[in-house]
2 protein chains.
Amino acid sequence: MTAPIHRKHAAPMRWDGVDVLAYKRDPASPFRDVTRQVLFDDPALASQLRYFEVAPGGHTTLERHEHAHAVIVAHGRGRCLVDGRIFELALHDLVRVPALAWHQFRAAPDAPLGFLCMVNAERDRPQLPTADELAGLTSVPAIAAFLRE
Amino acid sequence: MTAPIHRKHAAPMRWDGVDVLAYKRDPASPFRDVTRQVLFDDPALASQLRYFEVAPGGHTTLERHEHAHAVIVAHGRGRCLVDGRIFELALHDLVRVPALAWHQFRAAPDAPLGFLCMVNAERDRPQLPTADELAGLTSVPAIAAFLRE
């Protein structure tokens, strides 16, 4: 169904006519305290725009895929791991997740992390790390500490 | 050139490594006091994400095109005309501009209007209204008043 032309921001990071969804349905994907709202999903657009919000102390799934992400922080603060590097994230910061880069977003312990994510409408399924890939990632102490928090 | 993975929000609605551009180069497109910043333009993504900011009292070009826009207000407030309807816009409101809908965004007299706009990377050129089309639009008093302000 096509969305109305105008949808009001109805409450902090909630919109008229936009459902608040669980982030993932797949129980094999480890994540904690994340919601997903699809803001634009229109056959006239080659991409979707989604809003994810990670509750304080929560995190998205550590994953990778062929498709890229374009992210802008819209609420709160936190950190992300992208392609072996860890970045502090504040309001309106931009993050590019390249193809096949392992990535995870984490909210601060005392603040949520909300971000808009633009993604191609046609895309591949995310991959989870194998035990060997996870061992490779966590061989870097800073990444091991990031994933453990 | 591919953007860095992380680009910080460096000042209100300004980003490290993102140029602030004039909105249009075509002198035939009437607009007033608008800047454009391309936040994501990546060959791996089917869409671009841009940030436009209209200064208080300013407006974008009245135009239409085959491609659609997905807009989220990120700063300030104003109004828009889309497909014959006028909407008040506040922070985080969502606007969908369908194919071939005449549209214009206007900042409030006393506040800027900044918005993120997702658009297909491959798209047609905007059309300006002919004298007849403009007469048709302004035959509606509310639209005439909107365009005159």
# chains A, B, ... in the order shown; residues from 1 in each chain; ligands from 1
call {"tool": "interface_residues", "arguments": {"of": "chain A", "to": "chain B", "cutoff": "10 Å", "atoms": "only C-alpha atoms", "output": "PyMOL selection string"}}
result
chain A and resi 2-16+39-49+66-74+80+82-83+85-99+118-122
call {"tool": "residues_around", "arguments": {"residues": "Gly76 in chain B", "least_positions_apart": "4", "cutoff": "9 Å", "atoms": "only C-alpha atoms", "output": "PyMOL selection string"}}
result
chain B and resi 89-91+107-108+111-115
call {"tool": "atom_distance", "arguments": {"atom1": "CA of Phe52 in chain B", "atom2": "CA of Gln37 in chain A"}}
result
23.2 Å
call {"tool": "residues_around", "arguments": {"residues": "Thr60 in chain B", "least_positions_apart": "2", "cutoff": "10 Å", "atoms": "only C-alpha atoms", "output": "VMD selection string"}}
result
chain B and resid 23 to 24 29 to 35 52 to 54 58 62 to 63 80 103 to 107
call {"tool": "write_last_selection", "arguments": {"atoms": "N, CA and C atoms", "output": "compact mmCIF listing (two decimals), in the first residue's frame"}}
result
# COMPACT_ATOMS: atom_id res chain seq x y z
N TYR B 23 22.00 25.27 -4.49
CA TYR B 23 20.92 24.31 -4.75
C TYR B 23 20.82 23.97 -6.23
N LYS B 24 20.82 24.96 -7.10
CA LYS B 24 20.68 24.74 -8.54
C LYS B 24 21.65 25.62 -9.28
N SER B 29 15.54 28.11 -13.12
CA SER B 29 14.77 27.51 -12.03
C SER B 29 14.64 28.51 -10.89
N PRO B 30 13.47 29.07 -10.69
CA PRO B 30 13.35 30.08 -9.63
C PRO B 30 13.33 29.44 -8.25
N PHE B 31 14.24 29.86 -7.40
CA PHE B 31 14.30 29.39 -6.02
C PHE B 31 14.90 30.52 -5.22
N ARG B 32 14.94 30.36 -3.90
CA ARG B 32 15.52 31.42 -3.07
C ARG B 32 16.13 30.84 -1.82
N ASP B 33 17.42 31.09 -1.61
CA ASP B 33 18.08 30.83 -0.32
C ASP B 33 18.07 29.36 0.06
N VAL B 34 18.59 28.52 -0.83
CA VAL B 34 18.61 27.08 -0.58
C VAL B 34 20.03 26.56 -0.77
N THR B 35 20.47 25.70 0.16
CA THR B 35 21.75 25.00 -0.01
C THR B 35 21.50 23.51 -0.13
N PHE B 52 18.98 19.28 2.17
CA PHE B 52 18.68 20.61 1.66
C PHE B 52 18.31 21.50 2.83
N GLU B 53 18.75 22.75 2.76
CA GLU B 53 18.30 23.69 3.78
C GLU B 53 17.84 24.99 3.12
N VAL B 54 16.59 25.33 3.44
CA VAL B 54 15.97 26.54 2.92
C VAL B 54 16.03 27.58 4.04
N GLY B 58 12.69 31.48 2.49
CA GLY B 58 13.10 30.98 1.17
C GLY B 58 12.25 29.81 0.69
N LEU B 62 9.52 25.34 -7.77
CA LEU B 62 8.27 24.62 -8.05
C LEU B 62 8.51 23.77 -9.29
N GLU B 63 8.45 22.45 -9.14
CA GLU B 63 8.82 21.57 -10.25
C GLU B 63 8.13 20.21 -10.11
N CYS B 80 5.00 22.57 2.76
CA CYS B 80 5.25 22.12 1.40
C CYS B 80 3.94 22.04 0.64
N HIS B 103 5.65 20.16 -6.82
CA HIS B 103 6.01 20.29 -5.41
C HIS B 103 6.94 21.46 -5.17
N GLN B 104 6.84 22.01 -4.01
CA GLN B 104 7.73 23.10 -3.55
C GLN B 104 7.80 23.05 -2.03
N PHE B 105 8.99 23.29 -1.48
CA PHE B 105 9.20 23.37 -0.03
C PHE B 105 9.51 24.82 0.33
N ARG B 106 8.87 25.30 1.42
CA ARG B 106 9.08 26.68 1.87
C ARG B 106 9.43 26.68 3.36
N ALA B 107 10.46 27.42 3.70
CA ALA B 107 10.79 27.62 5.12
C ALA B 107 9.76 28.56 5.75
call {"tool": "closest_residue", "arguments": {"among": "A:His59, A:Arg50, A:Ala28, A:Val140", "to": "Arg79 in chain A", "atoms": "only C-alpha atoms"}}
result
A:His59
call {"tool": "select_by_dssp", "arguments": {"residues": "chain B", "states": "strand (DSSP E)", "output": "ChimeraX atom specification"}}
result
/B:6-7,9-11,14-15,21-22,32-40,47-59,69-76,78-82,85-89,94-97,103-107,113-120
call {"tool": "select_by_dssp", "arguments": {"residues": "range 16-135 of chain B", "states": "alpha helix (DSSP H)", "output": "list in words"}}
result
Ala131, Asp132, Glu133, Leu134 and Ala135 of chain B
call {"tool": "write_last_selection", "arguments": {"atoms": "N, CA and C atoms", "output": "PDB file, in the first residue's frame"}}
result
ATOM      1  N   ALA B 131       3.374  28.392 -18.561  1.00  0.00           N
ATOM      2  CA  ALA B 131       2.473  29.482 -18.129  1.00  0.00           C
ATOM      3  C   ALA B 131       1.064  28.924 -17.890  1.00  0.00           C
ATOM      4  N   ASP B 132       0.608  28.021 -18.764  1.00  0.00           N
ATOM      5  CA  ASP B 132      -0.733  27.432 -18.601  1.00  0.00           C
ATOM      6  C   ASP B 132      -0.809  26.574 -17.342  1.00  0.00           C
ATOM      7  N   GLU B 133       0.245  25.777 -17.106  1.00  0.00           N
ATOM      8  CA  GLU B 133       0.252  24.913 -15.915  1.00  0.00           C
ATOM      9  C   GLU B 133       0.283  25.764 -14.639  1.00  0.00           C
ATOM     10  N   LEU B 134       1.042  26.843 -14.672  1.00  0.00           N
ATOM     11  CA  LEU B 134       1.097  27.726 -13.505  1.00  0.00           C
ATOM     12  C   LEU B 134      -0.259  28.391 -13.275  1.00  0.00           C
ATOM     13  N   ALA B 135      -0.917  28.776 -14.359  1.00  0.00           N
ATOM     14  CA  ALA B 135      -2.257  29.376 -14.229  1.00  0.00           C
ATOM     15  C   ALA B 135      -3.230  28.358 -13.632  1.00  0.00           C
TER      16      ALA B 135
END
call {"tool": "closest_residue", "arguments": {"among": "A:Gly84, A:Gly17, A:Pro56, A:Pro126", "to": "Leu147 in chain A", "atoms": "only C-alpha atoms"}}
result
A:Gly84
